[in-house]
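Asks: Got a structure for you, data.pdb, holding PDB, C-alpha atoms.
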ATOM      1  CA  SER W   1      84.861  82.898 171.943
ATOM      2  CA  GLN W   2      82.124  81.252 169.951
ATOM      3  CA  THR W   3      79.604  83.173 167.884
ATOM      4  CA  ILE W   4      76.679  82.101 165.769
ATOM      5  CA  HIS W   5      75.396  83.996 162.755
ATOM      6  CA  GLN W   6      72.154  83.756 160.844
ATOM      7  CA  TRP W   7      71.065  85.503 157.685
ATOM      8  CA  PRO W   8      69.043  87.065 156.467
ATOM      9  CA  ALA W   9      67.532  88.711 159.534
ATOM     10  CA  THR W  10      64.169  89.178 157.836
ATOM     11  CA  LEU W  11      62.695  87.771 154.670
ATOM     12  CA  VAL W  12      59.416  88.213 152.821
ATOM     13  CA  GLN W  13      58.757  85.606 150.159
ATOM     14  CA  PRO W  14      55.725  84.740 148.018
ATOM     15  CA  VAL W  15      54.033  81.379 148.252
ATOM     16  CA  GLY W  16      55.697  78.833 145.993
ATOM     17  CA  SER W  17      59.099  80.504 146.001
ATOM     18  CA  PRO W  18      62.266  78.742 147.216
ATOM     19  CA  LEU W  19      63.961  79.386 150.520
ATOM     20  CA  SER W  20      67.500  79.286 151.795
ATOM     21  CA  LEU W  21      68.466  80.308 155.316
ATOM     22  CA  GLU W  22      72.033  80.075 156.452
ATOM     23  CA  CYS W  23      73.622  79.582 159.830
ATOM     24  CA  THR W  24      77.324  79.580 160.631
ATOM     25  CA  VAL W  25      79.202  79.073 163.864
ATOM     26  CA  GLU W  26      82.643  80.464 164.655
ATOM     27  CA  GLY W  27      85.137  79.555 167.313
ATOM     28  CA  THR W  28      84.346  75.882 167.719
ATOM     29  CA  SER W  29      84.620  72.644 165.796
ATOM     30  CA  ASN W  30      82.236  69.739 165.260
ATOM     31  CA  PRO W  31      79.273  71.395 166.989
ATOM     32  CA  ASN W  32      75.813  69.885 167.088
ATOM     33  CA  LEU W  33      73.587  72.158 165.039
ATOM     34  CA  TYR W  34      69.838  72.716 165.277
ATOM     35  CA  TRP W  35      67.079  74.456 163.344
ATOM     36  CA  TYR W  36      63.981  75.539 165.264
ATOM     37  CA  ARG W  37      60.825  77.330 164.225
ATOM     38  CA  GLN W  38      58.850  79.530 166.560
ATOM     39  CA  ALA W  39      55.342  80.465 165.485
ATOM     40  CA  ALA W  40      53.794  83.588 166.977
ATOM     41  CA  GLY W  41      52.933  82.977 170.626
ATOM     42  CA  ARG W  42      54.153  79.403 170.459
ATOM     43  CA  GLY W  43      57.110  77.474 171.785
ATOM     44  CA  LEU W  44      60.155  76.376 169.855
ATOM     45  CA  GLN W  45      59.632  73.464 167.495
ATOM     46  CA  LEU W  46      62.710  71.428 166.596
ATOM     47  CA  LEU W  47      62.922  70.980 162.830
ATOM     48  CA  PHE W  48      66.335  69.443 162.186
ATOM     49  CA  TYR W  49      69.499  68.633 164.031
ATOM     50  CA  SER W  50      72.916  67.547 162.886
ATOM     51  CA  VAL W  51      75.795  65.912 164.724
ATOM     52  CA  GLY W  52      78.219  66.124 161.808
ATOM     53  CA  ILE W  53      78.769  66.978 158.147
ATOM     54  CA  GLY W  54      76.091  65.390 156.010
ATOM     55  CA  GLN W  55      74.292  63.958 159.060
ATOM     56  CA  ILE W  56      70.803  65.389 159.320
ATOM     57  CA  SER W  57      67.936  64.193 161.459
ATOM     58  CA  SER W  58      64.437  65.446 160.776
ATOM     59  CA  GLU W  59      62.029  65.802 163.657
ATOM     60  CA  VAL W  60      58.906  66.891 161.824
ATOM     61  CA  PRO W  61      57.953  65.832 158.273
ATOM     62  CA  GLN W  62      57.243  68.987 156.311
ATOM     63  CA  ASN W  63      58.032  71.216 153.421
ATOM     64  CA  LEU W  64      61.559  71.977 154.575
ATOM     65  CA  SER W  65      64.962  70.328 154.303
ATOM     66  CA  ALA W  66      68.345  70.940 155.869
ATOM     67  CA  SER W  67      71.914  70.415 154.820
ATOM     68  CA  ARG W  68      75.305  70.679 156.475
ATOM     69  CA  PRO W  69      77.883  71.097 153.721
ATOM     70  CA  GLN W  70      80.629  72.178 156.107
ATOM     71  CA  ASP W  71      81.393  71.524 159.758
ATOM     72  CA  ARG W  72      80.120  74.888 160.964
ATOM     73  CA  GLN W  73      77.500  75.662 158.331
ATOM     74  CA  PHE W  74      73.865  74.665 158.515
ATOM     75  CA  ILE W  75      71.360  75.524 155.784
ATOM     76  CA  LEU W  76      67.568  75.377 155.881
ATOM     77  CA  SER W  77      65.849  75.138 152.514
ATOM     78  CA  SER W  78      62.549  74.764 150.794
ATOM     79  CA  LYS W  79      61.713  74.275 147.129
ATOM     80  CA  LYS W  80      58.247  75.808 147.415
ATOM     81  CA  LEU W  81      57.172  77.858 150.418
ATOM     82  CA  LEU W  82      53.741  77.540 151.977
ATOM     83  CA  LEU W  83      51.886  80.169 153.982
ATOM     84  CA  SER W  84      52.289  77.925 157.026
ATOM     85  CA  ASP W  85      56.074  78.223 156.739
ATOM     86  CA  SER W  86      55.918  81.756 158.125
ATOM     87  CA  GLY W  87      57.589  82.109 161.486
ATOM     88  CA  PHE W  88      60.736  82.910 163.365
ATOM     89  CA  TYR W  89      63.573  80.520 162.528
ATOM     90  CA  LEU W  90      66.320  79.979 165.032
ATOM     91  CA  CYS W  91      69.600  78.197 164.572
ATOM     92  CA  ALA W  92      71.398  76.868 167.620
ATOM     93  CA  TRP W  93      74.639  75.107 168.319
ATOM     94  CA  SER W  94      75.744  72.822 171.097
ATOM     95  CA  PRO W  95      79.183  71.490 172.037
ATOM     96  CA  GLY W  96      77.495  68.274 173.100
ATOM     97  CA  ALA W  97      75.246  67.697 176.031
ATOM     98  CA  TYR W  98      73.884  70.342 178.415
ATOM     99  CA  GLU W  99      74.740  73.540 176.556
ATOM    100  CA  GLN W 100      72.852  75.184 173.697
ATOM    101  CA  TYR W 101      73.382  78.620 172.209
ATOM    102  CA  PHE W 102      71.020  80.395 169.855
ATOM    103  CA  GLY W 103      71.540  82.662 166.894
ATOM    104  CA  PRO W 104      69.705  85.958 166.388
ATOM    105  CA  GLY W 105      66.975  84.391 164.267
ATOM    106  CA  THR W 106      65.354  84.990 160.884
ATOM    107  CA  ARG W 107      61.832  86.357 160.596
ATOM    108  CA  LEU W 108      60.191  84.732 157.552
ATOM    109  CA  THR W 109      56.897  86.005 156.194
ATOM    110  CA  VAL W 110      55.315  84.074 153.363
ATOM    111  CA  THR W 111      52.759  86.140 151.454
TER     112      THR W 111
ATOM    113  CA  LYS S 112      55.807  61.570 177.547
ATOM    114  CA  ASN S 113      58.499  64.186 178.112
ATOM    115  CA  GLN S 114      56.881  67.559 178.615
ATOM    116  CA  VAL S 115      57.718  70.969 179.997
ATOM    117  CA  GLU S 116      54.896  73.238 181.107
ATOM    118  CA  GLN S 117      55.206  76.840 182.157
ATOM    119  CA  SER S 118      52.896  79.145 184.020
ATOM    120  CA  PRO S 119      51.540  81.692 183.847
ATOM    121  CA  GLN S 120      51.331  82.071 180.079
ATOM    122  CA  SER S 121      51.583  85.834 180.458
ATOM    123  CA  LEU S 122      52.169  88.263 183.279
ATOM    124  CA  ILE S 123      52.036  92.027 183.687
ATOM    125  CA  ILE S 124      53.756  93.660 186.646
ATOM    126  CA  LEU S 125      54.715  97.150 187.751
ATOM    127  CA  GLU S 126      58.304  98.260 187.502
ATOM    128  CA  GLY S 127      60.163  97.581 190.724
ATOM    129  CA  LYS S 128      57.967  94.667 191.771
ATOM    130  CA  ASN S 129      59.085  91.054 192.098
ATOM    131  CA  CYS S 130      57.623  88.114 190.237
ATOM    132  CA  THR S 131      57.978  84.348 190.031
ATOM    133  CA  LEU S 132      57.612  82.179 186.958
ATOM    134  CA  GLN S 133      56.929  78.459 187.182
ATOM    135  CA  CYS S 134      58.154  75.440 185.221
ATOM    136  CA  ASN S 135      56.931  71.869 185.702
ATOM    137  CA  TYR S 136      58.483  69.022 183.763
ATOM    138  CA  THR S 137      58.034  65.309 183.265
ATOM    139  CA  VAL S 138      61.327  64.787 181.441
ATOM    140  CA  SER S 139      63.248  61.783 182.665
ATOM    141  CA  PRO S 140      66.087  61.078 183.135
ATOM    142  CA  PHE S 141      67.004  64.623 183.913
ATOM    143  CA  SER S 142      70.325  66.211 182.920
ATOM    144  CA  ASN S 143      69.908  69.897 183.512
ATOM    145  CA  LEU S 144      67.403  72.724 183.440
ATOM    146  CA  ARG S 145      68.010  76.095 181.896
ATOM    147  CA  TRP S 146      66.069  79.346 181.892
ATOM    148  CA  TYR S 147      66.318  81.557 178.822
ATOM    149  CA  LYS S 148      65.253  85.129 178.231
ATOM    150  CA  GLN S 149      64.006  85.924 174.743
ATOM    151  CA  ASP S 150      63.478  89.519 173.715
ATOM    152  CA  THR S 151      60.963  90.070 170.939
ATOM    153  CA  GLY S 152      62.484  89.231 167.578
ATOM    154  CA  ARG S 153      65.742  87.959 169.088
ATOM    155  CA  GLY S 154      67.233  84.584 169.897
ATOM    156  CA  PRO S 155      66.971  83.192 173.440
ATOM    157  CA  VAL S 156      69.791  84.043 175.827
ATOM    158  CA  SER S 157      70.667  81.810 178.748
ATOM    159  CA  LEU S 158      70.015  83.144 182.246
ATOM    160  CA  THR S 159      70.750  80.172 184.492
ATOM    161  CA  ILE S 160      71.512  76.492 184.237
ATOM    162  CA  MET S 161      71.155  73.910 186.994
ATOM    163  CA  THR S 162      71.968  70.244 187.221
ATOM    164  CA  PHE S 163      69.756  67.862 189.176
ATOM    165  CA  SER S 164      71.995  68.239 192.223
ATOM    166  CA  GLU S 165      71.616  72.023 192.419
ATOM    167  CA  ASN S 166      68.583  73.649 193.967
ATOM    168  CA  THR S 167      69.302  77.324 193.394
ATOM    169  CA  LYS S 168      71.272  79.470 190.993
ATOM    170  CA  SER S 169      71.435  83.243 190.767
ATOM    171  CA  ASN S 170      72.340  85.642 187.983
ATOM    172  CA  GLY S 171      72.000  89.199 189.200
ATOM    173  CA  ARG S 172      68.325  89.891 189.842
ATOM    174  CA  TYR S 173      67.358  86.462 188.480
ATOM    175  CA  THR S 174      67.227  83.491 190.853
ATOM    176  CA  ALA S 175      66.240  80.039 189.691
ATOM    177  CA  THR S 176      65.258  77.222 192.026
ATOM    178  CA  LEU S 177      64.908  73.551 191.309
ATOM    179  CA  ASP S 178      63.121  70.766 193.160
ATOM    180  CA  ALA S 179      64.131  67.573 191.379
ATOM    181  CA  ASP S 180      61.820  65.496 193.578
ATOM    182  CA  THR S 181      58.676  67.334 192.514
ATOM    183  CA  LYS S 182      60.114  68.207 189.076
ATOM    184  CA  GLN S 183      59.464  71.879 189.494
ATOM    185  CA  SER S 184      61.538  74.950 188.869
ATOM    186  CA  SER S 185      60.874  78.614 189.373
ATOM    187  CA  LEU S 186      62.508  81.803 188.167
ATOM    188  CA  HIS S 187      62.281  84.720 190.553
ATOM    189  CA  ILE S 188      62.896  88.220 189.263
ATOM    190  CA  THR S 189      63.672  90.836 191.866
ATOM    191  CA  ALA S 190      63.059  94.578 191.500
ATOM    192  CA  SER S 191      61.831  94.263 187.928
ATOM    193  CA  GLN S 192      62.943  96.708 185.257
ATOM    194  CA  LEU S 193      61.345  97.699 181.982
ATOM    195  CA  SER S 194      64.084  95.768 180.193
ATOM    196  CA  ASP S 195      62.869  92.559 181.828
ATOM    197  CA  SER S 196      59.904  92.602 179.442
ATOM    198  CA  ALA S 197      60.462  89.454 177.384
ATOM    199  CA  SER S 198      59.517  85.806 177.092
ATOM    200  CA  TYR S 199      61.114  83.438 179.576
ATOM    201  CA  ILE S 200      61.604  79.879 178.429
ATOM    202  CA  CYS S 201      62.320  76.825 180.550
ATOM    203  CA  VAL S 202      64.345  74.089 178.845
ATOM    204  CA  VAL S 203      65.066  70.637 180.242
ATOM    205  CA  SER S 204      67.780  68.576 178.603
ATOM    206  CA  VAL S 205      68.628  64.916 178.527
ATOM    207  CA  GLY S 206      71.989  64.594 176.861
ATOM    208  CA  ASN S 207      71.576  66.016 173.358
ATOM    209  CA  GLN S 208      67.786  66.193 173.630
ATOM    210  CA  PHE S 209      66.259  69.534 174.605
ATOM    211  CA  TYR S 210      62.641  69.922 175.748
ATOM    212  CA  PHE S 211      61.207  73.418 175.614
ATOM    213  CA  GLY S 212      58.367  75.000 177.523
ATOM    214  CA  THR S 213      56.076  77.381 175.647
ATOM    215  CA  GLY S 214      57.327  80.293 177.700
ATOM    216  CA  THR S 215      55.932  83.006 179.928
ATOM    217  CA  SER S 216      55.492  86.437 178.404
ATOM    218  CA  LEU S 217      56.414  89.076 180.973
ATOM    219  CA  THR S 218      55.493  92.718 180.550
ATOM    220  CA  VAL S 219      56.869  95.270 182.985
ATOM    221  CA  ILE S 220      55.006  98.567 182.980
ATOM    222  CA  PRO S 221      56.129 101.881 184.473
TER     223      PRO S 221
END
Just give me the structure as structure tokens.
Replies:
Amino acid sequence: SQTIHQWPATLVQPVGSPLSLECTVEGTSNPNLYWYRQAAGRGLQLLFYSVGIGQISSEVPQNLSASRPQDRQFILSSKKLLLSDSGFYLCAWSPGAYEQYFGPGTRLTVT
Amino acid sequence: KNQVEQSPQSLIILEGKNCTLQCNYTVSPFSNLRWYKQDTGRGPVSLTIMTFSENTKSNGRYTATLDADTKQSSLHITASQLSDSASYICVVSVGNQFYFGTGTSLTVIP
């Protein structure tokens, strides 16, 4: 069966510090991968999605970047965090159309 | 513009009571509609998924309905339990594109 992992689960970082969140998927190959951010009391905002290694599409111009160095690994990064980057970050994978499965999420607090 | 709207934004009900959550969408063309349950601090978990040709789908005490003509869906929760307290998110997909509602926050009180 397929599983999706995210780490860390929680993170507290000062403004201006770098960020690296990791997501890995097991039990499938060539998944579509997604990064979402969920602000408190808000819906999910799509940040990046990837249909293959090295293929990244950005939905919202911002302080973040994403990379997919391996088929089942998706990384969300920032060189300098802003206060507005605080939120709940969710990684998701999809075998294609119709289905989407979410990871457990990372709670990021920028202080 | 493709949008998904949910109502109410929040809801408080007594344990054991039923409730119905609403989802209206303007997404077109329509592939499928999924309801997720998201516990606080956790990732969303799928409850039901329906294609445009289905008008009802059940998962235990959760029953989703879909009217593709009016572009409305509802999630009915029967005999609510304290563990049903969560956010419920409606998601409409078109191929690889997923459109999310802002969710309904449900609180079940004893």
Asks: Report, in Å to a single decimal, how far apart CA of Asp85 (chain W) and CA of Gln73 (chain W) are.
Replies: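 Separation of CA of Gln73 (chain W) and CA of Asp85 (chain W): 21.6 Å.
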Asks: If you apply the PyMOL selection byres ((chain W) within 6 of (chain S)) to this file, what residues do you get, as a list in words?
Replies: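 Here the PyMOL selection byres ((chain W) within 6 of (chain S)) matches Arg42, Gly43, Ala97, Phe102, Gly103, Pro104 and Gly105 of chain W.
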Asks: When the PyMOL selection byres ((chain W and resi 29) around 7) is applied to the file above, which residues end up in the set, as a ChimeraX atom specification?
Replies: /W:28,30-31,71-72
Asks: Within 9 Å of region 187-190 of chain S, counting only C-alpha atoms, which residues qualify if same-chain residues fewer than 3 places away don't, as a VMD selection string?
Replies: chain S and resid 126 to 133 171 to 176 195
Asks: Which residue gives the smallest distance to Trp93 (chain W) among W:Ala66, W:Ser1, W:Gln13, W:Val51, with all atoms listed in the file counted?
Replies: W:Val51
Asks: Selected by the PyMOL selection byres ((chain W and resi 74-82) around 6) in the shown coordinates: which residues, as a compact mmCIF listing (two decimals) with C-alpha atoms, keeping the file's coordinate frame?
Replies:
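Okay, out-v7.txt is ready:
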# COMPACT_ATOMS: atom_id res chain seq x y z
CA VAL W 15 54.03 81.38 148.25
CA GLY W 16 55.70 78.83 145.99
CA SER W 17 59.10 80.50 146.00
CA PRO W 18 62.27 78.74 147.22
CA LEU W 19 63.96 79.39 150.52
CA SER W 20 67.50 79.29 151.79
CA LEU W 21 68.47 80.31 155.32
CA GLU W 22 72.03 80.08 156.45
CA CYS W 23 73.62 79.58 159.83
CA LEU W 64 61.56 71.98 154.57
CA SER W 65 64.96 70.33 154.30
CA ALA W 66 68.34 70.94 155.87
CA SER W 67 71.91 70.42 154.82
CA ARG W 68 75.31 70.68 156.48
CA GLN W 73 77.50 75.66 158.33
CA LEU W 83 51.89 80.17 153.98
CA SER W 84 52.29 77.92 157.03
CA ASP W 85 56.07 78.22 156.74
Asks: What does the distance from CA of Arg37 (chain W) to CA of Thr218 (chain S) come to in Å, to one decimal?
Replies: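 Taking CA of Arg37 (chain W) as the start and CA of Thr218 (chain S) as the end point, the length is 23.1 Å.
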Asks: What does the distance from CA of Phe88 (chain W) to CA of Ser169 (chain S) come to in Å, to one decimal?
Replies: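 Calculated distance between CA of Phe88 (chain W) and CA of Ser169 (chain S) is 29.4 Å.
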Asks: As a ChimeraX atom specification, please: the residues near Gly87 (chain W) (cut-off 8 Å, all atoms listed in the file, same-chain neighbours under 5 positions excluded).
Replies: /W:37-40,107-109
Asks: Could you tell me which of S:Phe163, S:Trp146, S:Tyr199, S:Phe141 comes closest to Asp178 (chain S) if we count all atoms listed in the file?
Replies: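 Nearest candidate to Asp178 (chain S) out of S:Phe163, S:Trp146, S:Tyr199, S:Phe141: S:Phe163.
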Asks: If I wrap all listed atoms of region 129-142 of chain S in a box with edges along x, y and z and add 6 Å on each side, what are its centre and edge lengths in Å to one decimal, as JSON?
Replies:
{"center_x": 63.6, "center_y": 76.1, "center_z": 186.8, "size_x": 25.4, "size_y": 42.0, "size_z": 22.7}
